[in-house]
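Below is model02.cif, which holds mmCIF, C-alpha atoms.
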data_target
#
loop_
_atom_site.label_atom_id
_atom_site.label_comp_id
_atom_site.auth_asym_id
_atom_site.auth_seq_id
_atom_site.Cartn_x
_atom_site.Cartn_y
_atom_site.Cartn_z
CA MET A 1 29.39 14.46 7.86
CA GLY A 2 26.58 12.06 8.86
CA PRO A 3 24.37 10.12 6.42
CA ASP A 4 21.47 12.57 6.71
CA ALA A 5 23.77 15.52 6.06
CA GLU A 6 25.24 13.77 3.01
CA GLU A 7 21.76 13.03 1.65
CA GLU A 8 20.60 16.57 2.28
CA SER A 9 23.59 18.02 0.43
CA LEU A 10 22.31 16.37 -2.76
CA LEU A 11 18.81 17.88 -2.44
CA PRO A 12 17.56 21.29 -3.63
CA ASN A 13 18.83 24.09 -1.38
CA SER A 14 15.50 25.85 -1.05
CA VAL A 15 12.70 24.86 1.30
CA LEU A 16 10.34 25.15 -1.68
CA GLY A 17 12.43 22.64 -3.63
CA LYS A 18 12.28 20.10 -0.82
CA ALA A 19 8.54 20.71 -0.35
CA GLN A 20 8.04 19.98 -4.04
CA LEU A 21 9.82 16.65 -3.59
CA LEU A 22 7.49 15.74 -0.74
CA LEU A 23 4.39 16.52 -2.81
CA ALA A 24 5.84 14.67 -5.81
CA ALA A 25 6.14 11.55 -3.64
CA PHE A 26 2.40 11.04 -4.22
CA GLU A 27 2.81 10.91 -8.02
CA SER A 28 3.10 7.13 -7.97
CA GLY A 29 -0.65 7.05 -7.31
CA ALA A 30 -0.46 6.47 -3.54
CA ASP A 31 -3.31 8.13 -1.63
CA ARG A 32 -1.71 8.05 1.81
CA LEU A 33 1.91 7.71 2.95
CA ARG A 34 3.58 7.28 6.33
CA LEU A 35 6.43 9.64 7.14
CA SER A 36 9.04 6.94 6.53
CA GLU A 37 7.62 6.26 3.05
CA LEU A 38 7.31 10.00 2.34
CA SER A 39 10.97 10.38 3.22
CA ARG A 40 12.04 7.36 1.15
CA ARG A 41 10.11 8.35 -1.98
CA SER A 42 11.13 12.02 -1.85
CA GLY A 43 14.75 11.47 -0.82
CA VAL A 44 14.34 14.06 1.94
CA PRO A 45 15.83 12.82 5.26
CA LYS A 46 13.20 11.86 7.82
CA ALA A 47 13.84 14.73 10.23
CA SER A 48 13.60 17.35 7.47
CA ALA A 49 10.62 15.59 5.93
CA TYR A 50 8.80 15.73 9.26
CA ARG A 51 9.42 19.47 9.71
CA LEU A 52 8.35 20.28 6.14
CA ALA A 53 5.32 18.00 6.32
CA GLN A 54 4.06 19.87 9.39
CA GLU A 55 4.37 23.19 7.53
CA LEU A 56 2.58 21.76 4.48
CA VAL A 57 -0.22 20.59 6.79
CA GLN A 58 -0.51 24.14 8.20
CA TRP A 59 -0.72 25.52 4.66
CA GLY A 60 -3.42 22.99 3.70
CA LEU A 61 -1.21 21.37 1.06
CA LEU A 62 -1.07 18.13 3.06
CA ASP A 63 -3.56 16.58 5.48
CA ARG A 64 -2.53 14.34 8.37
CA HIS A 65 -4.59 11.44 9.70
CA GLY A 66 -2.79 9.74 12.59
CA ASP A 67 0.59 8.70 11.21
CA MET A 68 -0.52 9.00 7.57
CA TYR A 69 -0.21 11.98 5.22
CA GLU A 70 -2.30 12.71 2.12
CA LEU A 71 -2.57 15.58 -0.35
CA GLY A 72 -4.56 18.49 1.09
CA ILE A 73 -7.84 19.90 -0.13
CA ARG A 74 -6.18 23.24 -0.88
CA LEU A 75 -4.24 21.60 -3.70
CA PHE A 76 -7.53 20.39 -5.17
CA HIS A 77 -9.03 23.89 -5.02
CA LEU A 78 -5.96 25.40 -6.66
CA GLY A 79 -6.02 22.72 -9.35
CA GLN A 80 -9.61 23.62 -10.22
CA ARG A 81 -8.38 27.10 -11.12
CA VAL A 82 -5.76 26.02 -13.69
CA PRO A 83 -7.15 27.79 -16.82
CA ALA A 84 -6.79 24.96 -19.34
CA SER A 85 -8.32 22.23 -17.19
CA ALA A 86 -10.95 24.57 -15.74
CA VAL A 87 -12.33 25.45 -19.19
CA LEU A 88 -12.18 21.83 -20.32
CA ARG A 89 -14.03 20.57 -17.23
CA THR A 90 -16.64 23.32 -17.37
CA VAL A 91 -17.46 22.56 -20.99
CA ALA A 92 -17.21 18.79 -20.68
CA ARG A 93 -19.22 18.10 -17.56
CA PRO A 94 -22.78 18.65 -18.92
CA LEU A 95 -21.91 16.81 -22.14
CA MET A 96 -20.51 13.92 -20.12
CA ALA A 97 -23.70 13.87 -18.06
CA ASP A 98 -25.73 13.58 -21.28
CA LEU A 99 -23.52 10.70 -22.43
CA PHE A 100 -23.96 8.96 -19.09
CA SER A 101 -27.75 9.30 -19.33
CA ARG A 102 -27.66 7.60 -22.74
CA THR A 103 -25.17 4.84 -21.96
CA HIS A 104 -25.47 4.31 -18.20
CA ALA A 105 -21.71 3.77 -18.28
CA ALA A 106 -19.22 5.66 -16.13
CA VAL A 107 -17.78 8.54 -18.18
CA HIS A 108 -14.21 9.75 -17.59
CA LEU A 109 -12.20 12.71 -18.85
CA ALA A 110 -8.45 12.28 -18.38
CA VAL A 111 -5.12 13.84 -19.30
CA LEU A 112 -1.64 12.35 -19.41
CA ASP A 113 0.51 12.99 -16.34
CA GLY A 114 3.90 11.44 -16.97
CA THR A 115 3.41 7.67 -17.01
CA HIS A 116 -0.08 7.94 -15.49
CA VAL A 117 -3.45 9.36 -16.44
CA LEU A 118 -5.00 12.02 -14.24
CA PHE A 119 -8.80 12.09 -14.07
CA LEU A 120 -10.15 15.63 -14.50
CA GLU A 121 -13.83 14.64 -14.38
CA LYS A 122 -16.02 11.61 -13.82
CA ILE A 123 -19.76 11.07 -14.15
CA ALA A 124 -21.13 7.80 -12.77
CA GLY A 125 -24.27 6.47 -11.15
CA GLU A 126 -24.41 4.75 -7.79
CA ALA A 127 -24.34 1.31 -9.41
CA ASN A 128 -21.12 1.95 -11.32
CA VAL A 129 -19.00 4.23 -9.17
CA LEU A 130 -15.72 2.41 -9.77
CA THR A 131 -13.39 2.51 -6.80
CA HIS A 132 -10.28 2.62 -9.02
CA SER A 133 -11.07 6.04 -10.50
CA TYR A 134 -11.99 9.39 -8.99
CA VAL A 135 -11.55 13.07 -9.84
CA GLY A 136 -7.94 13.99 -9.13
CA GLY A 137 -6.91 10.33 -9.04
CA ARG A 138 -4.24 8.71 -11.18
CA LEU A 139 -3.84 5.27 -12.78
CA PRO A 140 -1.00 3.72 -14.84
CA ALA A 141 -1.41 4.88 -18.43
CA SER A 142 -0.53 1.49 -19.91
CA CYS A 143 -3.46 -0.19 -18.11
CA THR A 144 -6.20 2.25 -19.09
CA ALA A 145 -8.02 3.01 -22.34
CA THR A 146 -7.57 6.76 -21.83
CA GLY A 147 -3.87 6.30 -21.06
CA GLN A 148 -3.21 4.19 -24.14
CA MET A 149 -5.10 6.70 -26.29
CA LEU A 150 -3.05 9.60 -24.95
CA LEU A 151 0.28 7.76 -25.17
CA ALA A 152 -0.50 6.89 -28.79
CA LEU A 153 -0.98 10.52 -29.79
CA ALA A 154 1.39 12.38 -27.44
CA PRO A 155 4.36 14.13 -29.14
CA ASP A 156 6.66 12.69 -26.46
CA GLY A 157 4.77 9.40 -26.27
CA PRO A 158 7.85 7.26 -27.13
CA GLU A 159 9.78 8.80 -24.22
CA GLN A 160 6.90 8.18 -21.84
CA VAL A 161 6.54 4.60 -23.04
CA ALA A 162 10.28 4.12 -22.55
CA ALA A 163 9.94 5.45 -18.99
CA LEU A 164 7.10 2.99 -18.38
CA VAL A 165 9.11 0.08 -19.72
CA ARG A 166 12.18 0.99 -17.65
CA GLY A 167 10.07 0.95 -14.51
CA GLY A 168 8.34 -2.28 -15.51
CA LEU A 169 4.83 -2.20 -16.92
CA PRO A 170 2.43 -2.24 -13.95
CA THR A 171 -0.13 -4.97 -13.41
CA MET A 172 -3.60 -4.17 -12.11
CA THR A 173 -5.26 -7.38 -13.29
CA PRO A 174 -4.10 -10.58 -15.04
CA ARG A 175 -5.10 -8.92 -18.34
CA SER A 176 -3.07 -5.73 -17.89
CA VAL A 177 -0.52 -5.21 -20.69
CA THR A 178 2.89 -6.30 -19.39
CA ASP A 179 4.71 -6.99 -22.69
CA PRO A 180 6.31 -3.85 -24.22
CA GLU A 181 5.87 -5.20 -27.75
CA VAL A 182 2.15 -5.79 -27.18
CA LEU A 183 1.82 -2.28 -25.79
CA MET A 184 3.57 -0.78 -28.81
CA ARG A 185 1.26 -2.66 -31.19
CA ARG A 186 -1.76 -1.42 -29.28
CA LEU A 187 -0.52 2.16 -29.36
CA ALA A 188 0.13 1.96 -33.11
CA ALA A 189 -3.42 0.69 -33.65
CA ALA A 190 -4.80 3.42 -31.38
CA ALA A 191 -2.98 6.14 -33.32
CA ARG A 192 -4.36 4.77 -36.58
CA GLN A 193 -7.94 4.12 -35.42
CA ARG A 194 -8.18 7.00 -32.91
CA TYR A 195 -9.90 4.85 -30.32
CA VAL A 196 -8.92 2.25 -27.73
CA LEU A 197 -10.96 -0.64 -26.40
CA GLU A 198 -9.45 -1.94 -23.17
CA VAL A 199 -10.89 -5.10 -21.62
CA GLU A 200 -10.24 -5.94 -17.96
CA GLY A 201 -6.91 -4.10 -17.87
CA VAL A 202 -7.92 -2.11 -14.78
CA ARG A 203 -10.71 -4.11 -13.17
CA THR A 204 -11.81 -7.68 -13.81
CA GLY A 205 -15.22 -7.80 -15.47
CA TYR A 206 -15.08 -4.23 -16.81
CA ALA A 207 -14.10 -2.70 -20.15
CA SER A 208 -13.45 0.85 -21.35
CA LEU A 209 -13.68 2.57 -24.73
CA ALA A 210 -11.73 5.82 -25.18
CA VAL A 211 -11.32 8.50 -27.85
CA PRO A 212 -9.14 11.62 -28.00
CA VAL A 213 -10.37 15.13 -27.26
CA ALA A 214 -8.49 17.85 -29.12
CA ALA A 215 -8.86 21.52 -28.27
CA GLY A 216 -6.82 24.09 -30.14
CA GLY A 217 -4.13 21.65 -31.21
CA PRO A 218 -3.03 18.05 -30.69
CA ALA A 219 -4.99 15.69 -28.47
CA HIS A 220 -4.45 16.63 -24.88
CA ALA A 221 -7.31 14.77 -23.21
CA ALA A 222 -9.22 11.53 -23.63
CA LEU A 223 -12.86 10.68 -23.05
CA SER A 224 -13.99 7.18 -22.11
CA ILE A 225 -16.94 5.08 -21.05
CA THR A 226 -16.51 2.21 -18.60
CA ALA A 227 -19.00 -0.55 -17.80
CA PRO A 228 -19.25 -4.33 -17.47
CA VAL A 229 -17.62 -6.07 -20.44
CA ALA A 230 -20.90 -7.14 -22.04
CA GLN A 231 -22.07 -3.51 -22.20
CA VAL A 232 -19.03 -2.00 -23.93
CA SER A 233 -18.26 -2.48 -27.63
CA VAL A 234 -16.97 -0.43 -30.53
CA ASP A 235 -20.18 -0.92 -32.51
CA ARG A 236 -22.37 0.12 -29.61
CA GLY A 237 -20.37 2.97 -28.10
CA LEU A 238 -17.91 4.57 -30.52
CA ALA A 239 -20.26 6.87 -32.47
CA GLY A 240 -21.78 8.42 -29.36
CA LEU A 241 -18.42 8.76 -27.66
CA ARG A 242 -16.91 10.51 -30.67
CA ALA A 243 -19.91 12.83 -30.99
CA THR A 244 -19.50 13.89 -27.36
CA ALA A 245 -15.75 14.43 -27.81
CA GLU A 246 -16.41 16.62 -30.85
CA SER A 247 -19.00 18.64 -28.91
CA ILE A 248 -16.45 19.19 -26.15
CA GLU A 249 -13.87 20.35 -28.69
CA ARG A 250 -16.32 22.85 -30.22
CA GLY A 251 -17.37 24.09 -26.78
CA VAL A 252 -13.78 24.63 -25.66
CA ALA A 253 -12.98 26.48 -28.89
CA ARG A 254 -15.99 28.78 -28.44
CA ARG A 255 -15.20 29.39 -24.79
CA THR A 256 -11.53 30.09 -25.48
CA SER A 257 -12.38 32.47 -28.32
CA TYR A 258 -14.97 34.28 -26.20
CA GLU A 259 -12.55 34.76 -23.30
CA ALA A 260 -9.77 35.92 -25.64
CA GLU A 261 -12.06 38.53 -27.23
CA HIS A 262 -13.16 39.88 -23.85
CA ALA A 263 -9.61 39.93 -22.55
CA ALA A 264 -8.53 41.95 -25.59
CA GLY A 265 -11.46 44.32 -25.15
#
Hey, can you dump this file as C-alpha cells for me?
Amino acid sequence: MGPDAEEESLLPNSVLGKAQLLLAAFESGADRLRLSELSRRSGVPKASAYRLAQELVQWGLLDRHGDMYELGIRLFHLGQRVPASAVLRTVARPLMADLFSRTHAAVHLAVLDGTHVLFLEKIAGEANVLTHSYVGGRLPASCTATGQMLLALAPDGPEQVAALVRGGLPTMTPRSVTDPEVLMRRLAAAARQRYVLEVEGVRTGYASLAVPVAAGGPAHAALSITAPVAQVSVDRGLAGLRATAESIERGVARRTSYEAEHAAG
C-alpha cells in the first residue's frame, strides 16, 4: 500500500466527508489556497484533493483563480439563508447604520466560530473600511474585542481558550495578547464588566470597543465599533453601543415571536 493509499484509508469514506475536509481547510482564516496547501491542511491526498476541488468548483462551492482556490459565492448565498444569522443580520443592519452615522466608526457584528470570530455584518465608510475585516471573514478571537467578549461569555469558553493556547496565541500586531494568563485576566474582566476595550490588537493605530448581543438566551453575538485609538473610549462609546445592542435584542425577539406565531397559524 502506497503513502497516498495509507493516508486515504484514515479519511472519511464518503466523498461528502472528504469535501467537508477541503472546505474546512479555509477555517484558519486563509482566503486563498494552492492545491498543495489545500491537500496539506485537509489531509486529503493531492490527487483526490484535485478531483474533489474540481467538482466543488462546478458546484459553486469553490472558485478557482489560476492555481489558487477560494470559497465560492454559493456558500455565501447559502450562509445568508441560515435562519438564526439571517434574522440577526436583518434586524441589526439598520441599527448598525444608525450607530455608524453617530460615531463614524466601523461597526461590526460577529459570532464565535471555534477559535475565531466570524463577521456577520459590517457598516463602514470609505475612510475606515478596514482591510482586516469583511462580511464572512474571520479573525483570531484572542486578538479582537468581539472575540474576547464572546470567549468570556461562551458556555464552552474555557475549552475554546484551551484550544487557542495549545495552538499558540496568534500575533497580529506587537500588542496582540500572547500570554495565556493575560488573556484569562482580560476574559474575567470582560465577563464581569460585559464590555471589552481592545487597543491595537488587530491593527496598529486602531482600537475596538465591544459588547454582547443576547437574543433568546446567552450571548451569541457581539457588537463593536472600531476607529483610530484617539476616537474610541469607554466613556465616549459604551452607552451608545449598549443601547444599539439592546435594540437589536428587542428586534430579534419581536421578529422571532412574529415568525413563530405565523408558523403556528
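You can rank A:Leu120, A:Leu151, A:Val91, A:Ala24 by their closest distance to Tyr195 in chain A using all atoms listed in the file, and at the top of that list sits A:Leu151.
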### Task
Just the residues within 12 Å of Arg102 in chain A, please, counting only C-alpha atoms, with nothing from its chain fewer than 3 positions along; format it as a ChimeraX atom specification.
/A:95-99,105-107,124,225,236-237,240-241,244
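If you measure from each of A:Pro158, A:Pro212, A:Leu139, A:Glu198 to Pro170 in chain A using only C-alpha atoms, the closest one turns out to be A:Leu139.
The protein and nucleic acid residues lying at most 12 Å from Ala163 in chain A are Gly114, Thr115, His116, Pro140, Ala141, Ser142, Leu151, Asp156, Gly157, Pro158, Glu159, Gln160, Arg166, Gly167, Gly168, Leu169, Pro170 and Pro180 of chain A, with only C-alpha atoms considered and sequence neighbours fewer than 3 positions away removed.
Near Met149 in chain A, within 8 Å and counting all atoms listed in the file, sit Ala145, Thr146, Ala152, Leu153, Leu187, Ala190, Ala191, Arg194, Tyr195, Val196, Ala210, Val211, Pro212 and Ala222 of chain A; same-chain residues fewer than 3 positions away were not included.
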### Message
Using only C-alpha atoms, which protein or nucleic acid residues come within 12 Å of Ser133 in chain A? Drop anything in the same chain fewer than 2 positions from it, and give the result as JSON, numbers by chain.
### Response
{"A": [29, 31, 106, 107, 108, 109, 110, 117, 118, 119, 120, 121, 122, 123, 124, 128, 129, 130, 131, 135, 136, 137, 138, 139, 140, 144, 146, 202, 203, 226]}
#### Entry: A:Leu21, A:Ala188, A:Leu52, A:Val111 ranked by distance to Arg89 in chain A, top pick (using all atoms listed in the file)
A:Val111
### Task
Calculate how many Å separate CA of Thr204 in chain A from CA of Val165 in chain A, rounding to one decimal.
23.1 Å
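Here CA of Ala162 in chain A stands at a distance of 25.4 Å from CA of Ala207 in chain A.
The gap separating CA of Leu209 in chain A from CA of Ala239 in chain A is 11.0 Å, in Å to one decimal.
Using all atoms listed in the file, the protein and nucleic acid residues lying no more than 12 Å from Tyr50 in chain A, apart from those fewer than 2 places from it along its own chain, are Lys18, Ala19, Leu22, Arg34, Leu35, Ser36, Glu37, Leu38, Ser39, Ser42, Val44, Pro45, Lys46, Ala47, Ser48, Leu52, Ala53, Gln54, Glu55, Leu56, Val57, Leu62, Arg64, Asp67, Met68 and Tyr69 of chain A.
Proximity of A:Ala227, A:Ile73, A:Ala189, A:Ala245 to Gln58 in chain A, computed with only C-alpha atoms, is greatest for A:Ile73.
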### Query
Evaluating the PyMOL selection byres ((chain A and resi 72) around 7) on the displayed file yields which residues, as a PyMOL selection string?
chain A and resi 60-63+70-71+73-75
Would you compute, for all listed atoms of range 207-210 of chain A, the axis-aligned bounding box grown by 4 Å on each side, and then report its centre and edge lengths in Å rounded to one decimal, as AutoDock Vina command-line options?
--center_x -12.9 --center_y 1.6 --center_z -22.7 --size_x 10.4 --size_y 16.5 --size_z 13.0
Complete the atom set of range 188-199 of chain A to all heavy atoms and return it as a short mmCIF file (atom, residue, chain, number, x, y, z; two decimals), in the frame of the given file.
data_model
loop_
_atom_site.label_atom_id
_atom_site.label_comp_id
_atom_site.auth_asym_id
_atom_site.auth_seq_id
_atom_site.Cartn_x
_atom_site.Cartn_y
_atom_site.Cartn_z
N ALA A 188 0.13 1.72 -31.67
CA ALA A 188 0.13 1.96 -33.11
C ALA A 188 -1.28 1.85 -33.67
O ALA A 188 -1.72 2.68 -34.48
CB ALA A 188 1.06 0.98 -33.81
N ALA A 189 -2.03 0.85 -33.20
CA ALA A 189 -3.42 0.69 -33.65
C ALA A 189 -4.27 1.85 -33.16
O ALA A 189 -5.13 2.36 -33.88
CB ALA A 189 -3.98 -0.63 -33.14
N ALA A 190 -4.03 2.30 -31.94
CA ALA A 190 -4.80 3.42 -31.38
C ALA A 190 -4.56 4.70 -32.17
O ALA A 190 -5.49 5.47 -32.44
CB ALA A 190 -4.43 3.62 -29.91
N ALA A 191 -3.30 4.95 -32.54
CA ALA A 191 -2.98 6.14 -33.32
C ALA A 191 -3.66 6.11 -34.69
O ALA A 191 -4.11 7.14 -35.19
CB ALA A 191 -1.47 6.27 -33.48
N ARG A 192 -3.75 4.93 -35.25
CA ARG A 192 -4.36 4.77 -36.58
C ARG A 192 -5.89 4.86 -36.51
O ARG A 192 -6.53 5.53 -37.30
CB ARG A 192 -3.93 3.42 -37.15
CG ARG A 192 -4.43 3.15 -38.57
CD ARG A 192 -3.84 1.86 -39.12
NE ARG A 192 -4.27 0.68 -38.37
CZ ARG A 192 -3.50 0.00 -37.53
NH1 ARG A 192 -2.25 0.36 -37.32
NH2 ARG A 192 -3.97 -1.07 -36.90
N GLN A 193 -6.48 4.20 -35.52
CA GLN A 193 -7.94 4.12 -35.42
C GLN A 193 -8.55 5.28 -34.66
O GLN A 193 -9.73 5.58 -34.81
CB GLN A 193 -8.32 2.81 -34.69
CG GLN A 193 -7.86 1.56 -35.41
CD GLN A 193 -8.01 0.32 -34.54
OE1 GLN A 193 -8.03 -0.79 -35.04
NE2 GLN A 193 -8.12 0.51 -33.23
N ARG A 194 -7.75 5.91 -33.79
CA ARG A 194 -8.18 7.00 -32.91
C ARG A 194 -9.27 6.53 -31.95
O ARG A 194 -10.20 7.27 -31.62
CB ARG A 194 -8.60 8.23 -33.72
CG ARG A 194 -7.45 8.82 -34.53
CD ARG A 194 -7.82 10.12 -35.20
NE ARG A 194 -7.96 11.21 -34.25
CZ ARG A 194 -6.96 11.93 -33.76
NH1 ARG A 194 -5.72 11.64 -34.11
NH2 ARG A 194 -7.18 12.91 -32.92
N TYR A 195 -9.10 5.33 -31.46
CA TYR A 195 -9.90 4.85 -30.32
C TYR A 195 -9.16 3.68 -29.69
O TYR A 195 -8.29 3.07 -30.32
CB TYR A 195 -11.32 4.45 -30.73
CG TYR A 195 -11.44 3.16 -31.51
CD1 TYR A 195 -11.43 1.91 -30.88
CD2 TYR A 195 -11.59 3.19 -32.91
CE1 TYR A 195 -11.55 0.73 -31.61
CE2 TYR A 195 -11.71 2.01 -33.63
CZ TYR A 195 -11.69 0.79 -32.98
OH TYR A 195 -11.81 -0.38 -33.69
N VAL A 196 -9.50 3.39 -28.44
CA VAL A 196 -8.92 2.25 -27.73
C VAL A 196 -10.04 1.52 -27.01
O VAL A 196 -10.84 2.14 -26.30
CB VAL A 196 -7.87 2.70 -26.68
CG1 VAL A 196 -7.46 1.52 -25.79
CG2 VAL A 196 -6.64 3.29 -27.36
N LEU A 197 -10.08 0.22 -27.19
CA LEU A 197 -10.96 -0.64 -26.40
C LEU A 197 -10.07 -1.44 -25.47
O LEU A 197 -9.23 -2.22 -25.91
CB LEU A 197 -11.77 -1.58 -27.31
CG LEU A 197 -12.67 -2.59 -26.58
CD1 LEU A 197 -13.77 -1.88 -25.79
CD2 LEU A 197 -13.28 -3.59 -27.56
N GLU A 198 -10.24 -1.22 -24.18
CA GLU A 198 -9.45 -1.94 -23.17
C GLU A 198 -10.39 -2.84 -22.38
O GLU A 198 -11.43 -2.39 -21.90
CB GLU A 198 -8.76 -0.92 -22.25
CG GLU A 198 -8.10 -1.52 -21.01
CD GLU A 198 -9.07 -1.63 -19.86
OE1 GLU A 198 -9.70 -0.62 -19.49
OE2 GLU A 198 -9.22 -2.75 -19.33
N VAL A 199 -10.04 -4.11 -22.28
CA VAL A 199 -10.89 -5.10 -21.62
C VAL A 199 -10.18 -5.67 -20.40
O VAL A 199 -9.14 -6.32 -20.54
CB VAL A 199 -11.29 -6.24 -22.59
CG1 VAL A 199 -12.18 -7.26 -21.88
CG2 VAL A 199 -12.00 -5.68 -23.82
#
